[in-house]
Each structure stands twice: as C-alpha cells, then as structure tokens.
>>> print(open('start.tsv').read())   # TSV, C-alpha atoms
chain	number	residue	atom	x	y	z
E	1	MET	CA	-4.88	3.07	13.01
E	2	PRO	CA	-7.04	0.52	14.70
E	3	THR	CA	-6.73	-1.14	18.04
E	4	LEU	CA	-8.30	-4.56	17.58
E	5	PRO	CA	-10.52	-6.12	20.25
E	6	SER	CA	-7.54	-8.24	21.39
E	7	GLY	CA	-5.49	-5.08	21.98
E	8	LEU	CA	-3.27	-5.55	18.92
E	9	GLU	CA	-2.51	-2.16	17.40
E	10	LEU	CA	-1.97	-1.83	13.66
E	11	ALA	CA	-1.30	0.92	11.17
E	12	VAL	CA	-1.06	1.29	7.42
E	13	ASP	CA	2.04	2.83	5.87
E	14	PRO	CA	1.59	4.65	2.55
E	15	ALA	CA	5.36	4.97	1.92
E	16	PRO	CA	5.46	2.49	-1.01
E	17	LEU	CA	2.59	4.31	-2.75
E	18	ARG	CA	4.18	7.68	-2.03
E	19	GLU	CA	7.46	6.44	-3.59
E	20	LEU	CA	5.65	5.16	-6.67
E	21	LEU	CA	3.82	8.46	-7.15
E	22	THR	CA	7.03	10.43	-6.62
E	23	ASP	CA	9.03	8.36	-9.12
E	24	PHE	CA	6.12	7.81	-11.52
E	25	ALA	CA	8.00	8.88	-14.68
E	26	SER	CA	10.68	6.23	-14.27
E	27	PRO	CA	10.62	3.48	-16.91
E	28	PHE	CA	10.75	1.05	-13.99
E	29	SER	CA	7.58	2.53	-12.46
E	30	ALA	CA	5.48	3.27	-15.55
E	31	HIS	CA	3.77	-0.12	-15.76
E	32	HIS	CA	3.06	-0.11	-12.02
E	33	LEU	CA	1.47	3.31	-12.28
E	34	MET	CA	-0.56	2.45	-15.37
E	35	ALA	CA	-1.88	-0.75	-13.75
E	36	LEU	CA	-3.62	1.26	-11.02
E	37	GLN	CA	-7.25	1.44	-12.06
E	38	SER	CA	-9.19	1.49	-8.79
E	39	VAL	CA	-8.83	2.14	-5.08
E	40	ASP	CA	-8.44	-1.60	-4.53
E	41	ASP	CA	-5.33	-1.50	-6.72
E	42	LEU	CA	-3.84	1.09	-4.38
E	43	LEU	CA	-4.09	-1.34	-1.47
E	44	ARG	CA	-1.25	-3.33	-3.06
E	45	TRP	CA	0.98	-0.32	-2.36
E	46	LEU	CA	0.22	0.09	1.37
E	47	ASP	CA	2.26	-1.73	4.01
E	48	VAL	CA	0.75	-3.13	7.21
E	49	LEU	CA	2.56	-2.17	10.41
E	50	ILE	CA	2.21	-3.68	13.86
E	51	LEU	CA	2.61	-1.18	16.71
E	52	ARG	CA	4.39	-2.60	19.72
E	53	PRO	CA	5.92	-1.15	22.87
E	54	ALA	CA	9.58	-0.37	22.24
E	55	GLU	CA	10.73	-2.40	25.23
E	56	THR	CA	9.17	-5.61	23.85
E	57	LEU	CA	11.13	-5.58	20.58
E	58	SER	CA	14.20	-7.63	19.85
E	59	ALA	CA	17.28	-5.90	18.44
E	60	ASP	CA	16.41	-7.20	14.97
E	61	GLU	CA	12.84	-5.84	15.24
E	62	ARG	CA	14.17	-2.49	16.45
E	63	ALA	CA	16.44	-2.31	13.40
E	64	LYS	CA	13.46	-2.88	11.09
E	65	ALA	CA	11.13	-0.55	12.98
E	66	CYS	CA	9.62	2.46	11.22
E	67	PRO	CA	8.50	5.78	12.68
E	68	VAL	CA	5.05	5.45	14.17
E	69	PRO	CA	2.16	7.25	12.50
E	70	GLU	CA	0.93	10.49	14.00
E	71	GLY	CA	-1.48	9.81	16.83
E	72	ALA	CA	0.09	6.51	17.88
E	73	PRO	CA	0.38	5.89	21.60
E	74	ALA	CA	3.64	7.04	23.18
E	75	GLY	CA	6.41	4.49	23.50
E	76	MET	CA	5.31	2.44	20.50
E	77	LEU	CA	7.39	1.45	17.50
E	78	ALA	CA	6.01	0.34	14.14
E	79	VAL	CA	7.26	-3.03	12.96
E	80	PRO	CA	6.56	-4.02	9.34
E	81	ALA	CA	4.19	-7.00	9.27
E	82	GLY	CA	5.76	-8.16	6.01
E	83	VAL	CA	2.56	-7.88	3.97
E	84	ARG	CA	0.80	-5.31	1.89
E	85	LEU	CA	-2.75	-4.35	2.78
E	86	THR	CA	-4.21	-6.58	0.05
E	87	ASP	CA	-2.64	-9.56	1.80
E	88	TRP	CA	-3.47	-8.73	5.42
E	89	ARG	CA	-5.35	-12.00	5.87
E	90	ALA	CA	-2.01	-13.83	5.63
E	91	ILE	CA	-1.03	-12.44	9.04
E	92	ALA	CA	-4.54	-12.70	10.47
E	93	SER	CA	-4.92	-16.48	10.36
E	94	GLU	CA	-4.32	-16.72	14.11
E	95	TRP	CA	-6.41	-13.67	14.99
E	96	SER	CA	-9.85	-14.05	16.51
E	97	ASP	CA	-12.94	-13.62	14.35
E	98	GLU	CA	-13.56	-10.33	16.15
E	99	ASP	CA	-10.08	-9.02	15.30
E	100	ARG	CA	-10.44	-9.99	11.63
E	101	ALA	CA	-13.86	-8.34	11.45
E	102	ALA	CA	-12.55	-5.17	13.12
E	103	PHE	CA	-9.61	-4.89	10.74
E	104	ALA	CA	-11.81	-5.57	7.68
E	105	ALA	CA	-14.14	-2.79	8.87
E	106	PHE	CA	-11.16	-0.45	9.32
E	107	VAL	CA	-10.07	-1.10	5.73
E	108	ASP	CA	-13.59	-0.67	4.34
E	109	GLU	CA	-14.61	2.34	6.41
E	110	ARG	CA	-11.35	4.29	6.73
E	111	ILE	CA	-8.73	3.20	4.22
E	112	ARG	CA	-10.80	2.81	1.05
E	113	PRO	CA	-12.48	6.24	1.44
E	114	ALA	CA	-9.11	7.83	2.27
E	115	MET	CA	-7.68	6.55	-1.01
E	116	ALA	CA	-9.95	8.76	-3.16
E	117	GLY	CA	-7.38	11.60	-3.07
E	118	PRO	CA	-4.42	9.41	-3.98
E	119	MET	CA	-6.48	7.84	-6.79
E	120	ALA	CA	-7.00	11.32	-8.23
E	121	ASN	CA	-3.20	11.83	-8.04
E	122	VAL	CA	-2.71	8.54	-9.87
E	123	ARG	CA	-5.03	9.66	-12.68
E	124	GLU	CA	-3.14	12.95	-13.04
E	125	ARG	CA	0.19	11.15	-13.22
E	126	GLN	CA	-1.14	8.60	-15.70
E	127	GLU	CA	-2.27	11.43	-17.97
E	128	ALA	CA	1.07	13.19	-17.58
E	129	ILE	CA	3.29	10.20	-18.24
E	130	VAL	CA	1.60	9.17	-21.50
E	131	LYS	CA	2.34	12.67	-22.81
E	132	SER	CA	5.97	12.51	-21.73
E	133	PRO	CA	8.57	12.04	-24.51
E	134	THR	CA	10.61	9.67	-22.34
E	135	LEU	CA	11.16	5.93	-22.09
E	136	GLY	CA	8.71	5.90	-19.17
E	137	GLY	CA	6.19	7.69	-21.36
E	138	ALA	CA	6.68	5.14	-24.15
E	139	PHE	CA	6.13	2.29	-21.68
E	140	ALA	CA	3.01	4.01	-20.34
E	141	CYS	CA	1.63	4.36	-23.87
E	142	MET	CA	2.34	0.70	-24.49
E	143	TRP	CA	0.42	-0.17	-21.32
E	144	ARG	CA	-2.47	2.10	-22.25
E	145	ASP	CA	-2.66	0.46	-25.67
E	146	GLY	CA	-2.45	-3.06	-24.26
E	147	VAL	CA	0.91	-4.02	-25.76
E	148	HIS	CA	3.32	-3.62	-22.84
E	149	PRO	CA	5.41	-6.80	-22.47
E	150	LEU	CA	4.49	-7.09	-18.78
E	151	GLN	CA	0.74	-7.03	-19.40
E	152	GLU	CA	-1.04	-10.33	-19.16
E	153	SER	CA	-2.62	-11.49	-22.37
E	154	ASP	CA	-5.92	-13.34	-22.43
>>> encode(input="start.tsv", output="structure tokens")
Amino acid sequence: MPTLPSGLELAVDPAPLRELLTDFASPFSAHHLMALQSVDDLLRWLDVLILRPAETLSADERAKACPVPEGAPAGMLAVPAGVRLTDWRAIASEWSDEDRAAFAAFVDERIRPAMAGPMANVRERQEAIVKSPTLGGAFACMWRDGVHPLQESD
C-alpha cells in the first residue's frame, strides 16, 4: 500500500476478485471468469481503498469502512474509494502530478507483478468450468466458443 508524496495513504482490496474466484462455477460468474484474459483484466476486480485515521471519519464513512490491510499504520480505517483499480484516475483528478505518478508506479511495479499468481488461478478455474456439466459450464463453453449472449460482437 503506497503513501503518496502528499501523505495520502491508499490500498488495494482483492475481495471482489477473491469472491469471483471462489464462486467461479456459478452461472452468474462464468462469463466474468471467462472474460479474464490478462493481468490488466484482473485490475477490474480490485477495489481502491483510502486509509484514513479513524477519528477523522464521519459515522457514514465508519459504517462503510473495511478492515485495513496487514501492515497499515495503527489507528487507520480503510474507506472504499468507490472505484476499481482500472478506474483509479477518476479519483485522482485533484491529486498532484507527483501523487498520480507515484500511484501509477505502485500499480505497475507492485500490483501487476503480484497478479501473476491469481492469473494462474484464473486459468485453472477457466479450464475446470468448461469441463463442468453445469449451467455455469455451459455458459463458459459458450464464452470460449464466442457465442455467449453477453459477448460483444464485431
């Protein structure tokens, strides 16, 4: 989790990706799983969190707060930024150039390399679901063959 030059502390929460990989055989998840083709696709499944001192949060922010990642400074709470990692620039429009550069470097140098393991898990689950005699498996096969109704056609 980076501390930006301005002092803003951020973290990335893998909970949405973890949930997708746990519930991968669901017919509701099959197309999401099958659409993952690269590490960059995984970034759509990671939430951005802003770490703030507990005493600075409103009651509403406290209610939305998540557990802080391991290694976070004491007394901090993690507040969802409301964007996935692919869309982090939406919250960075008011950041300094230095903060944007630092966060981009964090994503490129720490997050992308860390996603190699989860990408291997995705591949294993993709192989497993297409062999599954379930509705999720049928949807996965449709995706693999390019005929799933949710796939974009050229």
>>> residues_near_point(input="start.tsv", point="(4.8, 9.0, -9.0)", cutoff="9 Å", atoms="only C-alpha atoms", output="JSON, numbers by chain")
{"E": [17, 18, 19, 20, 21, 22, 23, 24, 25, 26, 29, 30, 33, 121, 122, 125, 126]}
>>> closest_residue(input="start.tsv", among="E:Leu85, E:Met34, E:Pro2, E:Trp45", to="Ala128 (chain E)", atoms="all atoms listed in the file")
E:Met34
>>> closest_residue(input="start.tsv", among="E:Leu42, E:Met76, E:Ala140, E:Cys66", to="Ala54 (chain E)", atoms="all atoms listed in the file")
E:Met76
>>> closest_residue(input="start.tsv", among="E:Ala72, E:Leu57, E:Leu49, E:Ala35", to="Trp88 (chain E)", atoms="only C-alpha atoms")
E:Leu49
>>> residues_around(input="start.tsv", residues="region 105-113 of chain E", least_positions_apart="3", cutoff="7 Å", atoms="only C-alpha atoms", output="PDB file with C-alpha atoms, in the frame of the given file")
ATOM      1  CA  PRO E   2      -7.040   0.520  14.700  1.00  0.00           C
ATOM      2  CA  VAL E  39      -8.830   2.140  -5.080  1.00  0.00           C
ATOM      3  CA  ALA E 101     -13.860  -8.340  11.450  1.00  0.00           C
ATOM      4  CA  ALA E 102     -12.550  -5.170  13.120  1.00  0.00           C
ATOM      5  CA  ALA E 116      -9.950   8.760  -3.160  1.00  0.00           C
TER       6      ALA E 116
END
>>> closest_residue(input="start.tsv", among="E:Met119, E:Val83, E:Cys141, E:Ala78", to="Ala63 (chain E)", atoms="all atoms listed in the file")
E:Ala78
>>> residues_near_point(input="start.tsv", point="(3.3, 0.8, 0.4)", cutoff="7 Å", atoms="only C-alpha atoms", output="count of residues only")
9
>>> residues_around(input="start.tsv", residues="Glu152 (chain E)", least_positions_apart="4", cutoff="12 Å", atoms="all atoms listed in the file", output="mmCIF file with C-alpha atoms, in the frame of the given file")
data_model
loop_
_atom_site.group_PDB
_atom_site.id
_atom_site.type_symbol
_atom_site.label_atom_id
_atom_site.label_comp_id
_atom_site.auth_asym_id
_atom_site.auth_seq_id
_atom_site.Cartn_x
_atom_site.Cartn_y
_atom_site.Cartn_z
ATOM 1 C CA HIS E 31 3.770 -0.120 -15.760
ATOM 2 C CA ALA E 35 -1.880 -0.750 -13.750
ATOM 3 C CA TRP E 143 0.420 -0.170 -21.320
ATOM 4 C CA GLY E 146 -2.450 -3.060 -24.260
ATOM 5 C CA VAL E 147 0.910 -4.020 -25.760
ATOM 6 C CA HIS E 148 3.320 -3.620 -22.840
#
>>> closest_residue(input="start.tsv", among="E:Gly136, E:Arg100, E:His32, E:Leu10", to="Pro80 (chain E)", atoms="only C-alpha atoms")
E:Leu10
>>> build_atoms(input="start.tsv", residues="region 36-47 of chain E", atoms="N, CA, C and O atoms", output="compact mmCIF listing (two decimals), in the frame of the given file")
# COMPACT_ATOMS: atom_id res chain seq x y z
N LEU E 36 -2.71 0.81 -12.08
CA LEU E 36 -3.62 1.26 -11.02
C LEU E 36 -4.91 1.79 -11.63
O LEU E 36 -4.92 2.85 -12.25
N GLN E 37 -5.98 1.05 -11.46
CA GLN E 37 -7.25 1.44 -12.06
C GLN E 37 -8.35 1.73 -11.04
O GLN E 37 -9.35 2.33 -11.38
N SER E 38 -8.16 1.28 -9.81
CA SER E 38 -9.19 1.49 -8.79
C SER E 38 -8.53 1.62 -7.42
O SER E 38 -7.35 1.33 -7.25
N VAL E 39 -9.32 2.02 -6.45
CA VAL E 39 -8.83 2.14 -5.08
C VAL E 39 -8.29 0.80 -4.60
O VAL E 39 -7.27 0.75 -3.91
N ASP E 40 -8.93 -0.29 -4.97
CA ASP E 40 -8.44 -1.60 -4.53
C ASP E 40 -7.03 -1.87 -5.04
O ASP E 40 -6.25 -2.54 -4.38
N ASP E 41 -6.69 -1.35 -6.21
CA ASP E 41 -5.33 -1.50 -6.72
C ASP E 41 -4.32 -0.77 -5.85
O ASP E 41 -3.17 -1.19 -5.73
N LEU E 42 -4.74 0.33 -5.25
CA LEU E 42 -3.84 1.09 -4.38
C LEU E 42 -3.47 0.31 -3.12
O LEU E 42 -2.39 0.51 -2.55
N LEU E 43 -4.35 -0.58 -2.69
CA LEU E 43 -4.09 -1.34 -1.47
C LEU E 43 -2.86 -2.22 -1.60
O LEU E 43 -2.25 -2.58 -0.60
N ARG E 44 -2.47 -2.54 -2.83
CA ARG E 44 -1.25 -3.33 -3.06
C ARG E 44 0.00 -2.52 -2.75
O ARG E 44 1.10 -3.07 -2.71
N TRP E 45 -0.15 -1.22 -2.58
CA TRP E 45 0.98 -0.32 -2.36
C TRP E 45 0.99 0.26 -0.94
O TRP E 45 1.67 1.25 -0.68
N LEU E 46 0.26 -0.35 -0.03
CA LEU E 46 0.22 0.09 1.37
C LEU E 46 0.73 -1.04 2.26
O LEU E 46 0.25 -2.17 2.16
N ASP E 47 1.70 -0.73 3.10
CA ASP E 47 2.26 -1.73 4.01
C ASP E 47 1.47 -1.78 5.31
O ASP E 47 0.99 -0.75 5.80
